Protein chains: 2
Amino acid sequence: MVRHSRARRSDCPIGFTLDIFGDRWSLLILRDVLTRAKSRFREFAAEERIATNVLAERLERLEGAGLLTRANDPSDARQFVYRPTRAAIDLLPVVVEMAYWGAMHDPETGAPREFVEAYEADRQALLAGMRAALTAGS
Amino acid sequence: MVRHSRARRSDCPIGFTLDIFGDRWSLLILRDVLTRAKSRFREFAAEERIATNVLAERLERLEGAGLLTRANDPSDARQFVYRPTRAAIDLLPVVVEMAYWGAMHDPETGAPREFVEAYEADRQALLAGMRAALTAGS
DNA sequence: GTACATCACTTGCATAATGCAAGTGATGCG
DNA sequence: CGCATCACTTGCATTATGCAAGTGATGTAC
């Protein structure tokens with residue numbers, strides 16, 4: 001049986017990157033974890049229209065790829081807490097650049113003005129602030 | 001008939017961005033156009049293992065999305081020349097950040113050392129240089 | 001100008017990924 | 001105890017992708 005889906009297809013670092021989250025949903029999940037403080041299955045399932053079976057598979061794969069950790073929620077044994085790893089936090093620049101590009105080129109963007117202003121004023125500070133928010137509780 | 005594939009699914013600028021090239025191939029095509037000076041169908045088809053039918057559809061969609069232009073090749077009537085638009089050139093930061101992330105986290109990356117060094121030494125200068133190379137002939 | 005190669009695609013079909021709706025078992029809660 | 005909620009599964013229809021083999025227009029060598 002041949003696995004086409006996730007075989008390595010390129011020696012290029014961009015190809016490598018796309019092998020990990022070059023699909024519709026993985027990066028949206030990472031966006032939620034990185035910029036919206038989401039950490040639970042139901043939170044990911046809520047906002048976007050991702051099917052739960054696909055979500056389950058993506059979370060498992062992102063965990064396997066070393067981008068998310070999955071821990072028991074001490075306050076509710078039914079739930080799990082997904083958190084970004086260092087590698088995922090390193091993706092912040094990618095997420096920020098994609099958001100900025102979308103904000104610039106989407107005629108009806110929902111991008112908050114404050115994000116655009118913060119980016120244009122001081123990109124490094126914006127990134128540092130976002131990174132700090134993610135590293136705070138560790 | 002309902003089109004699921006490319007309907008807008010999010011008001012987030014990242015969602016918008018992923019609607020345009022949130023698939024395996026679109027961004028690789030853009031990478032080729034933006035960083036490898038590729039401009040013809042056969043050049044795109046050559047390096048990666050993209051099926052020609054998928055490539056044809058992607059080129060058409062990227063043109064429709066305003067990221068590529070398609071022009072006749074004056075020296076060969078069989079060929080067309082695909083070039084990035086301003087919007088595509090604006091994607092350089094995204095491409096560069098993805099490449100850098102891949103270079104940092106891919107254990108067997110094929111990323112050229114010079115790229116990593118240039119990025120770490122002066123990201124802005126790297127981007128300016130890449131942008132200048134693309135704008136040169138216009 | 002005839003034969004052949006090359007170009008950008010198409011076409012037909014098999015396989016894989018995704019979407020959708022309805023479960024399922026474990027746990028929380030009144 | 002009864003019901004709601006949690007993180008998933010399962011079955012199946014639909015869509016996207018991969019693969020191999022065309023196709024017509026054009027270039028090129030003889």
# chains A, B, ... in the order shown; residues from 1 in each chain; ligands from 1
>>> residues_around(residues="range 25-29 of chain D", least_positions_apart="6", cutoff="12 Å", atoms="only C-alpha atoms (C1' of nucleotides)", output="PyMOL selection string")
(chain B and resi 75-79) or (chain C and resi 1-9)
>>> closest_atom_pairs(of="range 4-24 of chain D", to="range 15-19 of chain C", cutoff="10 Å", atoms="only C-alpha atoms (C1' of nucleotides)", output="Markdown table")
| residue | atom | partner | partner_atom | distance |
| --- | --- | --- | --- | --- |
| D:DA13 | C1' | C:DG19 | C1' | 8.6 |
| D:DT14 | C1' | C:DG19 | C1' | 7.5 |
| D:DT15 | C1' | C:DT18 | C1' | 7.2 |
| D:DA16 | C1' | C:DA17 | C1' | 7.0 |
| D:DT17 | C1' | C:DA16 | C1' | 7.2 |
| D:DG18 | C1' | C:DT15 | C1' | 7.7 |
| D:DC19 | C1' | C:DT15 | C1' | 10.0 |
>>> write_last_selection(atoms="N, CA, C and O atoms (P, O5', C5', C4', C3', O3' and C1' of nucleotides)", output="PDB file, in the first residue's frame")
ATOM      1  P    DA D  13     -23.644   6.290  -0.020  1.00  0.00           P
ATOM      2  O5'  DA D  13     -23.606   7.798  -0.548  1.00  0.00           O
ATOM      3  C5'  DA D  13     -24.500   8.767  -0.013  1.00  0.00           C
ATOM      4  C4'  DA D  13     -23.932  10.161  -0.214  1.00  0.00           C
ATOM      5  C3'  DA D  13     -23.606  10.517  -1.661  1.00  0.00           C
ATOM      6  O3'  DA D  13     -24.066  11.843  -1.931  1.00  0.00           O
ATOM      7  C1'  DA D  13     -21.664  10.749  -0.313  1.00  0.00           C
ATOM      8  P    DT D  14     -23.958  12.406  -3.428  1.00  0.00           P
ATOM      9  O5'  DT D  14     -22.659  13.335  -3.358  1.00  0.00           O
ATOM     10  C5'  DT D  14     -22.578  14.331  -2.342  1.00  0.00           C
ATOM     11  C4'  DT D  14     -21.199  14.946  -2.348  1.00  0.00           C
ATOM     12  C3'  DT D  14     -20.704  15.430  -3.715  1.00  0.00           C
ATOM     13  O3'  DT D  14     -20.366  16.798  -3.588  1.00  0.00           O
ATOM     14  C1'  DT D  14     -19.028  14.192  -2.600  1.00  0.00           C
ATOM     15  P    DT D  15     -19.949  17.647  -4.908  1.00  0.00           P
ATOM     16  O5'  DT D  15     -18.372  17.755  -4.713  1.00  0.00           O
ATOM     17  C5'  DT D  15     -17.855  18.224  -3.468  1.00  0.00           C
ATOM     18  C4'  DT D  15     -16.358  18.057  -3.450  1.00  0.00           C
ATOM     19  C3'  DT D  15     -15.638  18.565  -4.705  1.00  0.00           C
ATOM     20  O3'  DT D  15     -14.715  19.538  -4.280  1.00  0.00           O
ATOM     21  C1'  DT D  15     -14.850  16.420  -4.064  1.00  0.00           C
ATOM     22  P    DA D  16     -13.745  20.267  -5.314  1.00  0.00           P
ATOM     23  O5'  DA D  16     -12.389  19.455  -5.072  1.00  0.00           O
ATOM     24  C5'  DA D  16     -11.828  19.432  -3.770  1.00  0.00           C
ATOM     25  C4'  DA D  16     -10.581  18.570  -3.761  1.00  0.00           C
ATOM     26  C3'  DA D  16      -9.520  18.974  -4.782  1.00  0.00           C
ATOM     27  O3'  DA D  16      -8.279  18.972  -4.106  1.00  0.00           O
ATOM     28  C1'  DA D  16     -10.046  16.687  -5.036  1.00  0.00           C
ATOM     29  P    DT D  17      -6.976  19.474  -4.850  1.00  0.00           P
ATOM     30  O5'  DT D  17      -6.280  18.090  -5.221  1.00  0.00           O
ATOM     31  C5'  DT D  17      -5.950  17.190  -4.175  1.00  0.00           C
ATOM     32  C4'  DT D  17      -5.420  15.898  -4.771  1.00  0.00           C
ATOM     33  C3'  DT D  17      -4.291  16.086  -5.776  1.00  0.00           C
ATOM     34  O3'  DT D  17      -3.141  15.491  -5.212  1.00  0.00           O
ATOM     35  C1'  DT D  17      -5.901  14.503  -6.535  1.00  0.00           C
ATOM     36  P    DG D  18      -1.811  15.359  -6.053  1.00  0.00           P
ATOM     37  O5'  DG D  18      -1.989  13.956  -6.777  1.00  0.00           O
ATOM     38  C5'  DG D  18      -2.129  12.790  -5.993  1.00  0.00           C
ATOM     39  C4'  DG D  18      -1.977  11.551  -6.855  1.00  0.00           C
ATOM     40  C3'  DG D  18      -0.805  11.596  -7.840  1.00  0.00           C
ATOM     41  O3'  DG D  18      -0.208  10.310  -7.849  1.00  0.00           O
ATOM     42  C1'  DG D  18      -2.842  11.279  -9.030  1.00  0.00           C
ATOM     43  P    DC D  19       1.074  10.004  -8.691  1.00  0.00           P
ATOM     44  O5'  DC D  19       0.505   9.359 -10.018  1.00  0.00           O
ATOM     45  C5'  DC D  19      -0.318   8.194  -9.941  1.00  0.00           C
ATOM     46  C4'  DC D  19      -0.709   7.749 -11.340  1.00  0.00           C
ATOM     47  C3'  DC D  19       0.368   7.958 -12.403  1.00  0.00           C
ATOM     48  O3'  DC D  19       0.621   6.720 -13.027  1.00  0.00           O
ATOM     49  C1'  DC D  19      -1.729   8.785 -13.134  1.00  0.00           C
TER      50       DC D  19
END
>>> interface_residues(of="chain A", to="chain B", cutoff="8 Å", atoms="only C-alpha atoms", output="compact mmCIF listing (two decimals) with N, CA and C atoms, in the first residue's frame")
# COMPACT_ATOMS: atom_id res chain seq x y z
N ARG A 9 7.82 15.27 -0.38
CA ARG A 9 7.84 15.43 -1.83
C ARG A 9 8.88 16.42 -2.31
N SER A 10 9.64 16.94 -1.42
CA SER A 10 10.55 17.98 -1.86
C SER A 10 11.70 18.09 -0.87
N ASP A 11 12.85 18.48 -1.37
CA ASP A 11 13.96 18.75 -0.47
C ASP A 11 13.99 20.21 -0.05
N CYS A 12 13.08 20.96 -0.58
CA CYS A 12 13.02 22.37 -0.27
C CYS A 12 12.39 22.57 1.10
N PRO A 13 12.90 23.52 1.88
CA PRO A 13 12.31 23.74 3.20
C PRO A 13 10.85 24.18 3.12
N ILE A 14 10.47 24.81 2.03
CA ILE A 14 9.07 25.19 1.87
C ILE A 14 8.23 23.95 1.64
N GLY A 15 8.76 23.03 0.87
CA GLY A 15 8.07 21.77 0.67
C GLY A 15 7.90 21.02 1.97
N PHE A 16 8.95 21.01 2.78
CA PHE A 16 8.87 20.39 4.11
C PHE A 16 7.78 21.04 4.93
N THR A 17 7.78 22.35 4.95
CA THR A 17 6.78 23.09 5.72
C THR A 17 5.38 22.76 5.24
N LEU A 18 5.21 22.71 3.92
CA LEU A 18 3.88 22.41 3.39
C LEU A 18 3.48 20.97 3.65
N ASP A 19 4.45 20.08 3.77
CA ASP A 19 4.11 18.70 4.11
C ASP A 19 3.44 18.63 5.47
N GLY A 22 0.37 22.05 4.93
CA GLY A 22 -0.02 22.54 3.62
C GLY A 22 -1.41 22.08 3.23
N ASP A 23 -2.33 22.10 4.15
CA ASP A 23 -3.71 21.77 3.84
C ASP A 23 -4.59 22.87 4.40
N ARG A 24 -5.84 22.76 4.14
CA ARG A 24 -6.74 23.83 4.54
C ARG A 24 -6.80 24.05 6.05
N LEU A 28 -5.11 26.73 10.19
CA LEU A 28 -6.18 27.42 10.91
C LEU A 28 -6.21 26.97 12.37
N GLU A 48 -14.71 27.55 12.95
CA GLU A 48 -14.68 27.22 11.53
C GLU A 48 -15.54 25.99 11.31
N ARG A 49 -15.80 25.73 10.07
CA ARG A 49 -16.68 24.62 9.75
C ARG A 49 -15.88 23.36 9.48
N ALA A 87 8.23 24.73 18.48
CA ALA A 87 8.22 24.74 17.01
C ALA A 87 6.99 25.45 16.48
N ASP A 90 7.33 29.12 16.88
CA ASP A 90 8.22 29.64 15.84
C ASP A 90 7.48 29.93 14.53
N LEU A 91 6.28 29.42 14.43
CA LEU A 91 5.49 29.68 13.22
C LEU A 91 4.81 31.04 13.24
N PRO A 93 5.79 34.09 12.91
CA PRO A 93 6.08 34.97 11.77
C PRO A 93 5.31 34.58 10.51
N VAL A 94 5.19 33.29 10.25
CA VAL A 94 4.44 32.85 9.08
C VAL A 94 2.98 33.28 9.21
N VAL A 95 2.41 33.02 10.37
CA VAL A 95 1.00 33.36 10.59
C VAL A 95 0.79 34.87 10.47
N GLU A 97 2.62 37.06 8.82
CA GLU A 97 2.78 37.53 7.44
C GLU A 97 1.57 37.16 6.60
N MET A 98 1.03 35.98 6.82
CA MET A 98 -0.18 35.61 6.08
C MET A 98 -1.34 36.52 6.45
N ALA A 99 -1.46 36.82 7.72
CA ALA A 99 -2.54 37.70 8.15
C ALA A 99 -2.38 39.09 7.54
N TYR A 100 -1.15 39.57 7.53
CA TYR A 100 -0.92 40.90 6.97
C TYR A 100 -1.20 40.92 5.47
N TRP A 101 -0.77 39.89 4.79
CA TRP A 101 -1.05 39.83 3.35
C TRP A 101 -2.55 39.81 3.11
N GLY A 102 -3.26 38.98 3.87
CA GLY A 102 -4.71 38.92 3.73
C GLY A 102 -5.34 40.27 4.02
N ALA A 103 -4.85 40.92 5.05
CA ALA A 103 -5.41 42.22 5.41
C ALA A 103 -5.19 43.24 4.30
N HIS A 105 -4.82 42.52 1.00
CA HIS A 105 -5.36 42.15 -0.31
C HIS A 105 -6.79 41.66 -0.28
N ASP A 106 -7.37 41.48 0.89
CA ASP A 106 -8.76 41.07 0.96
C ASP A 106 -9.64 42.32 0.97
N THR A 109 -11.81 42.39 4.18
CA THR A 109 -11.13 41.70 5.28
C THR A 109 -11.77 42.02 6.62
N GLY A 110 -11.68 41.04 7.50
CA GLY A 110 -12.14 41.28 8.86
C GLY A 110 -10.96 41.52 9.79
N ALA A 111 -9.84 41.84 9.19
CA ALA A 111 -8.65 42.04 10.01
C ALA A 111 -8.80 43.29 10.87
>>> interface_residues(of="chain A", to="chain D", cutoff="12 Å", atoms="only C-alpha atoms (C1' of nucleotides)", output="compact mmCIF listing (two decimals) with all heavy atoms, in the first residue's frame")
# COMPACT_ATOMS: atom_id res chain seq x y z
N ARG A 3 1.41 5.18 0.39
CA ARG A 3 0.85 6.39 1.00
C ARG A 3 1.26 7.58 0.17
O ARG A 3 2.42 7.97 0.13
CB ARG A 3 1.38 6.55 2.42
CG ARG A 3 0.86 5.52 3.37
CD ARG A 3 -0.41 5.97 4.04
NE ARG A 3 -0.16 7.19 4.82
CZ ARG A 3 -1.13 7.94 5.33
NH1 ARG A 3 -2.36 7.59 5.18
NH2 ARG A 3 -0.84 9.02 6.01
N HIS A 4 0.31 8.18 -0.52
CA HIS A 4 0.65 9.36 -1.28
C HIS A 4 0.59 10.61 -0.42
O HIS A 4 1.29 11.56 -0.65
CB HIS A 4 -0.34 9.53 -2.44
CG HIS A 4 -0.23 8.46 -3.46
ND1 HIS A 4 0.80 8.39 -4.35
CD2 HIS A 4 -0.99 7.38 -3.70
CE1 HIS A 4 0.64 7.33 -5.13
NE2 HIS A 4 -0.44 6.71 -4.75
N SER A 5 -0.29 10.58 0.55
CA SER A 5 -0.74 11.82 1.16
C SER A 5 0.37 12.61 1.84
O SER A 5 0.46 13.81 1.66
CB SER A 5 -1.83 11.52 2.16
OG SER A 5 -1.37 10.56 3.08
N ARG A 40 -9.00 23.68 23.30
CA ARG A 40 -9.82 22.47 23.42
C ARG A 40 -10.48 22.10 22.10
O ARG A 40 -10.75 22.95 21.27
CB ARG A 40 -10.91 22.66 24.48
CG ARG A 40 -10.34 22.56 25.88
CD ARG A 40 -10.75 23.76 26.68
NE ARG A 40 -9.72 24.19 27.63
CZ ARG A 40 -9.61 23.72 28.84
NH1 ARG A 40 -10.41 22.77 29.25
NH2 ARG A 40 -8.65 24.17 29.64
N PHE A 41 -10.76 20.82 22.00
CA PHE A 41 -11.39 20.26 20.80
C PHE A 41 -12.62 21.06 20.40
O PHE A 41 -12.76 21.48 19.26
CB PHE A 41 -11.78 18.80 21.07
CG PHE A 41 -12.22 18.06 19.85
CD1 PHE A 41 -11.33 17.28 19.13
CD2 PHE A 41 -13.54 18.12 19.42
CE1 PHE A 41 -11.74 16.58 18.00
CE2 PHE A 41 -13.95 17.43 18.29
CZ PHE A 41 -13.06 16.66 17.59
N ARG A 42 -13.50 21.28 21.34
CA ARG A 42 -14.76 21.95 21.00
C ARG A 42 -14.52 23.39 20.58
O ARG A 42 -15.27 23.93 19.77
CB ARG A 42 -15.73 21.83 22.18
CG ARG A 42 -15.81 23.00 23.10
CD ARG A 42 -16.57 22.72 24.36
NE ARG A 42 -15.70 22.79 25.52
CZ ARG A 42 -15.36 23.93 26.13
NH1 ARG A 42 -15.81 25.08 25.68
NH2 ARG A 42 -14.56 23.93 27.16
N GLU A 43 -13.47 24.01 21.10
CA GLU A 43 -13.18 25.38 20.68
C GLU A 43 -12.72 25.42 19.22
O GLU A 43 -13.11 26.30 18.46
CB GLU A 43 -12.09 25.98 21.58
CG GLU A 43 -12.55 26.19 23.01
CD GLU A 43 -11.43 26.73 23.88
OE1 GLU A 43 -10.28 26.21 23.79
OE2 GLU A 43 -11.68 27.65 24.68
N PHE A 44 -11.90 24.46 18.83
CA PHE A 44 -11.47 24.39 17.44
C PHE A 44 -12.66 24.08 16.55
O PHE A 44 -12.83 24.66 15.47
CB PHE A 44 -10.41 23.32 17.25
CG PHE A 44 -9.18 23.53 18.09
CD1 PHE A 44 -8.71 22.53 18.92
CD2 PHE A 44 -8.49 24.74 18.06
CE1 PHE A 44 -7.58 22.71 19.70
CE2 PHE A 44 -7.36 24.93 18.84
CZ PHE A 44 -6.91 23.90 19.66
N ALA A 45 -13.48 23.16 17.00
CA ALA A 45 -14.61 22.72 16.18
C ALA A 45 -15.64 23.83 16.01
O ALA A 45 -16.38 23.86 15.03
CB ALA A 45 -15.27 21.50 16.82
N ALA A 51 -15.02 19.57 9.98
CA ALA A 51 -15.69 18.37 10.45
C ALA A 51 -14.90 17.77 11.61
O ALA A 51 -13.68 17.81 11.63
CB ALA A 51 -15.82 17.36 9.31
N THR A 52 -15.62 17.18 12.56
CA THR A 52 -14.94 16.68 13.76
C THR A 52 -13.97 15.54 13.45
O THR A 52 -12.95 15.41 14.12
CB THR A 52 -15.96 16.24 14.82
OG1 THR A 52 -16.83 15.27 14.25
CG2 THR A 52 -16.76 17.43 15.33
N ASN A 53 -14.30 14.74 12.47
CA ASN A 53 -13.37 13.65 12.14
C ASN A 53 -12.07 14.21 11.58
O ASN A 53 -10.98 13.75 11.91
CB ASN A 53 -14.01 12.65 11.17
CG ASN A 53 -14.56 13.31 9.92
OD1 ASN A 53 -14.65 14.53 9.85
ND2 ASN A 53 -14.88 12.52 8.93
N VAL A 54 -12.19 15.24 10.76
CA VAL A 54 -10.99 15.85 10.20
C VAL A 54 -10.21 16.56 11.31
O VAL A 54 -8.99 16.45 11.39
CB VAL A 54 -11.37 16.85 9.09
CG1 VAL A 54 -10.14 17.56 8.56
CG2 VAL A 54 -12.08 16.11 7.96
N LEU A 55 -10.92 17.23 12.18
CA LEU A 55 -10.26 17.91 13.29
C LEU A 55 -9.47 16.91 14.15
O LEU A 55 -8.31 17.15 14.49
CB LEU A 55 -11.29 18.64 14.14
CG LEU A 55 -10.78 19.30 15.42
CD1 LEU A 55 -9.64 20.28 15.13
CD2 LEU A 55 -11.92 19.99 16.16
N ALA A 56 -10.10 15.80 14.45
CA ALA A 56 -9.43 14.79 15.28
C ALA A 56 -8.15 14.31 14.62
O ALA A 56 -7.10 14.19 15.26
CB ALA A 56 -10.37 13.61 15.54
N GLU A 57 -8.24 14.11 13.32
CA GLU A 57 -7.06 13.61 12.61
C GLU A 57 -5.96 14.68 12.57
O GLU A 57 -4.77 14.38 12.71
CB GLU A 57 -7.46 13.17 11.20
CG GLU A 57 -6.44 12.26 10.54
CD GLU A 57 -5.76 12.93 9.37
OE1 GLU A 57 -6.33 13.90 8.81
OE2 GLU A 57 -4.65 12.51 9.01
N LEU A 59 -5.43 17.17 14.72
CA LEU A 59 -4.83 17.35 16.03
C LEU A 59 -3.81 16.24 16.29
O LEU A 59 -2.71 16.48 16.80
CB LEU A 59 -5.92 17.35 17.11
CG LEU A 59 -6.80 18.60 17.14
CD1 LEU A 59 -7.97 18.41 18.11
CD2 LEU A 59 -5.99 19.83 17.53
N GLU A 60 -4.21 15.03 15.90
CA GLU A 60 -3.30 13.90 16.10
C GLU A 60 -2.03 14.08 15.28
O GLU A 60 -0.92 13.83 15.76
CB GLU A 60 -4.04 12.62 15.70
CG GLU A 60 -3.33 11.34 16.14
CD GLU A 60 -4.15 10.11 15.75
OE1 GLU A 60 -5.35 10.27 15.42
OE2 GLU A 60 -3.57 9.01 15.77
N ASN A 72 -4.12 16.13 29.78
CA ASN A 72 -5.39 16.04 30.47
C ASN A 72 -5.72 17.37 31.11
O ASN A 72 -4.84 18.06 31.63
CB ASN A 72 -5.34 14.95 31.54
CG ASN A 72 -5.22 13.56 30.93
OD1 ASN A 72 -5.94 13.21 30.00
ND2 ASN A 72 -4.27 12.80 31.43
N ASP A 73 -7.00 17.68 31.10
CA ASP A 73 -7.44 18.87 31.81
C ASP A 73 -7.73 18.47 33.25
O ASP A 73 -8.63 17.66 33.52
CB ASP A 73 -8.71 19.41 31.13
CG ASP A 73 -9.24 20.66 31.80
OD1 ASP A 73 -8.78 21.00 32.91
OD2 ASP A 73 -10.12 21.31 31.22
N ASP A 76 -11.40 18.82 34.37
CA ASP A 76 -12.48 18.09 33.69
C ASP A 76 -11.88 16.91 32.95
O ASP A 76 -11.24 17.08 31.93
CB ASP A 76 -13.23 19.03 32.74
CG ASP A 76 -14.48 18.36 32.14
OD1 ASP A 76 -14.54 17.11 32.09
OD2 ASP A 76 -15.39 19.08 31.71
N ALA A 77 -12.15 15.73 33.44
CA ALA A 77 -11.50 14.54 32.91
C ALA A 77 -11.94 14.21 31.49
O ALA A 77 -11.33 13.37 30.83
CB ALA A 77 -11.76 13.34 33.83
N ARG A 78 -13.01 14.87 31.00
CA ARG A 78 -13.43 14.60 29.63
C ARG A 78 -12.56 15.36 28.64
O ARG A 78 -12.40 14.96 27.49
CB ARG A 78 -14.88 15.05 29.42
CG ARG A 78 -15.89 14.20 30.15
CD ARG A 78 -17.25 14.87 30.06
NE ARG A 78 -17.22 16.26 30.54
CZ ARG A 78 -18.28 17.04 30.57
NH1 ARG A 78 -19.44 16.62 30.13
NH2 ARG A 78 -18.19 18.28 31.04
N GLN A 79 -12.02 16.45 29.09
CA GLN A 79 -11.35 17.35 28.16
C GLN A 79 -9.83 17.19 28.13
O GLN A 79 -9.22 16.68 29.06
CB GLN A 79 -11.69 18.80 28.52
CG GLN A 79 -13.17 19.09 28.45
CD GLN A 79 -13.48 20.57 28.52
OE1 GLN A 79 -12.94 21.35 27.75
NE2 GLN A 79 -14.34 20.96 29.45
N PHE A 80 -9.27 17.67 27.05
CA PHE A 80 -7.82 17.72 26.90
C PHE A 80 -7.42 19.13 26.54
O PHE A 80 -8.21 19.89 25.96
CB PHE A 80 -7.37 16.76 25.81
CG PHE A 80 -7.71 15.33 26.09
CD1 PHE A 80 -8.90 14.79 25.60
CD2 PHE A 80 -6.89 14.54 26.86
CE1 PHE A 80 -9.24 13.47 25.88
CE2 PHE A 80 -7.21 13.23 27.14
CZ PHE A 80 -8.40 12.69 26.65
N VAL A 81 -6.21 19.45 26.88
CA VAL A 81 -5.71 20.79 26.60
C VAL A 81 -4.59 20.69 25.56
O VAL A 81 -3.60 20.02 25.78
CB VAL A 81 -5.17 21.46 27.89
CG1 VAL A 81 -4.67 22.86 27.58
CG2 VAL A 81 -6.25 21.50 28.95
>>> select_by_dssp(residues="range 6-136 of chain B", states="strand (DSSP E or B)", output="list in words")
Leu68, Thr69, Arg70, Ala71, Asn72, Phe80, Val81, Tyr82, Arg83 and Pro84 of chain B
>>> select_by_dssp(residues="chain A", states="alpha helix (DSSP H)", output="ChimeraX atom specification")
/A:13-21,26-35,41-47,52-64,86-89,92-105,113-121,123-135
>>> write_last_selection(atoms="C-alpha atoms", output="compact mmCIF listing (two decimals), in the first residue's frame")
# COMPACT_ATOMS: atom_id res chain seq x y z
CA PRO A 13 12.31 23.74 3.20
CA ILE A 14 9.07 25.19 1.87
CA GLY A 15 8.07 21.77 0.67
CA PHE A 16 8.87 20.39 4.11
CA THR A 17 6.78 23.09 5.72
CA LEU A 18 3.88 22.41 3.39
CA ASP A 19 4.11 18.70 4.11
CA ILE A 20 3.24 19.53 7.70
CA PHE A 21 0.49 22.09 7.33
CA SER A 26 -3.82 22.59 9.95
CA LEU A 27 -2.78 26.20 9.77
CA LEU A 28 -6.18 27.42 10.91
CA ILE A 29 -5.86 25.21 13.98
CA LEU A 30 -2.41 26.61 14.62
CA ARG A 31 -3.76 30.12 14.18
CA ASP A 32 -6.36 29.40 16.84
CA VAL A 33 -3.77 28.02 19.21
CA LEU A 34 -1.27 30.77 18.55
CA THR A 35 -3.42 33.86 18.32
CA PHE A 41 -11.39 20.26 20.80
CA ARG A 42 -14.76 21.95 21.00
CA GLU A 43 -13.18 25.38 20.68
CA PHE A 44 -11.47 24.39 17.44
CA ALA A 45 -14.61 22.72 16.18
CA ALA A 46 -16.75 25.76 16.97
CA GLU A 47 -15.59 28.67 14.89
CA THR A 52 -14.94 16.68 13.76
CA ASN A 53 -13.37 13.65 12.14
CA VAL A 54 -10.99 15.85 10.20
CA LEU A 55 -10.26 17.91 13.29
CA ALA A 56 -9.43 14.79 15.28
CA GLU A 57 -7.06 13.61 12.61
CA ARG A 58 -5.35 17.01 12.31
CA LEU A 59 -4.83 17.35 16.03
CA GLU A 60 -3.30 13.90 16.10
CA ARG A 61 -1.02 14.71 13.22
CA LEU A 62 0.04 18.06 14.58
CA GLU A 63 0.85 16.36 17.85
CA GLY A 64 2.81 13.73 15.97
CA ARG A 86 8.25 25.79 20.65
CA ALA A 87 8.22 24.74 17.01
CA ALA A 88 4.65 25.93 16.68
CA ILE A 89 5.44 29.22 18.36
CA LEU A 92 4.21 33.02 14.46
CA PRO A 93 6.08 34.97 11.77
CA VAL A 94 4.44 32.85 9.08
CA VAL A 95 1.00 33.36 10.59
CA VAL A 96 1.57 37.08 11.00
CA GLU A 97 2.78 37.53 7.44
CA MET A 98 -0.18 35.61 6.08
CA ALA A 99 -2.54 37.70 8.15
CA TYR A 100 -0.92 40.90 6.97
CA TRP A 101 -1.05 39.83 3.35
CA GLY A 102 -4.71 38.92 3.73
CA ALA A 103 -5.41 42.22 5.41
CA MET A 104 -3.78 44.09 2.54
CA HIS A 105 -5.36 42.15 -0.31
CA ARG A 113 -7.11 47.69 12.23
CA GLU A 114 -5.00 47.52 15.37
CA PHE A 115 -3.20 44.48 14.01
CA VAL A 116 -2.26 46.25 10.79
CA GLU A 117 -1.15 49.33 12.68
CA ALA A 118 0.93 47.33 15.11
CA TYR A 119 2.53 45.42 12.25
CA GLU A 120 3.44 48.54 10.32
CA ALA A 121 4.64 50.40 13.36
CA ARG A 123 6.78 44.16 13.39
CA GLN A 124 9.40 42.85 15.80
CA ALA A 125 7.57 44.25 18.81
CA LEU A 126 4.31 42.75 17.60
CA LEU A 127 5.92 39.34 17.27
CA ALA A 128 7.65 39.65 20.61
CA GLY A 129 4.39 40.53 22.30
CA MET A 130 2.55 37.60 20.74
CA ARG A 131 5.38 35.27 21.66
CA ALA A 132 5.42 36.52 25.22
CA ALA A 133 1.70 35.91 25.56
CA LEU A 134 2.22 32.28 24.56
CA THR A 135 5.24 31.71 26.74
>>> atom_distance(atom1="CA of Thr69 in chain A", atom2="CA of Ala136 in chain A")
16.3 Å
>>> atom_distance(atom1="CA of Leu68 in chain B", atom2="CA of Pro84 in chain B")
4.6 Å
>>> atom_distance(atom1="CA of Ala71 in chain B", atom2="CA of Lys38 in chain B")
13.8 Å
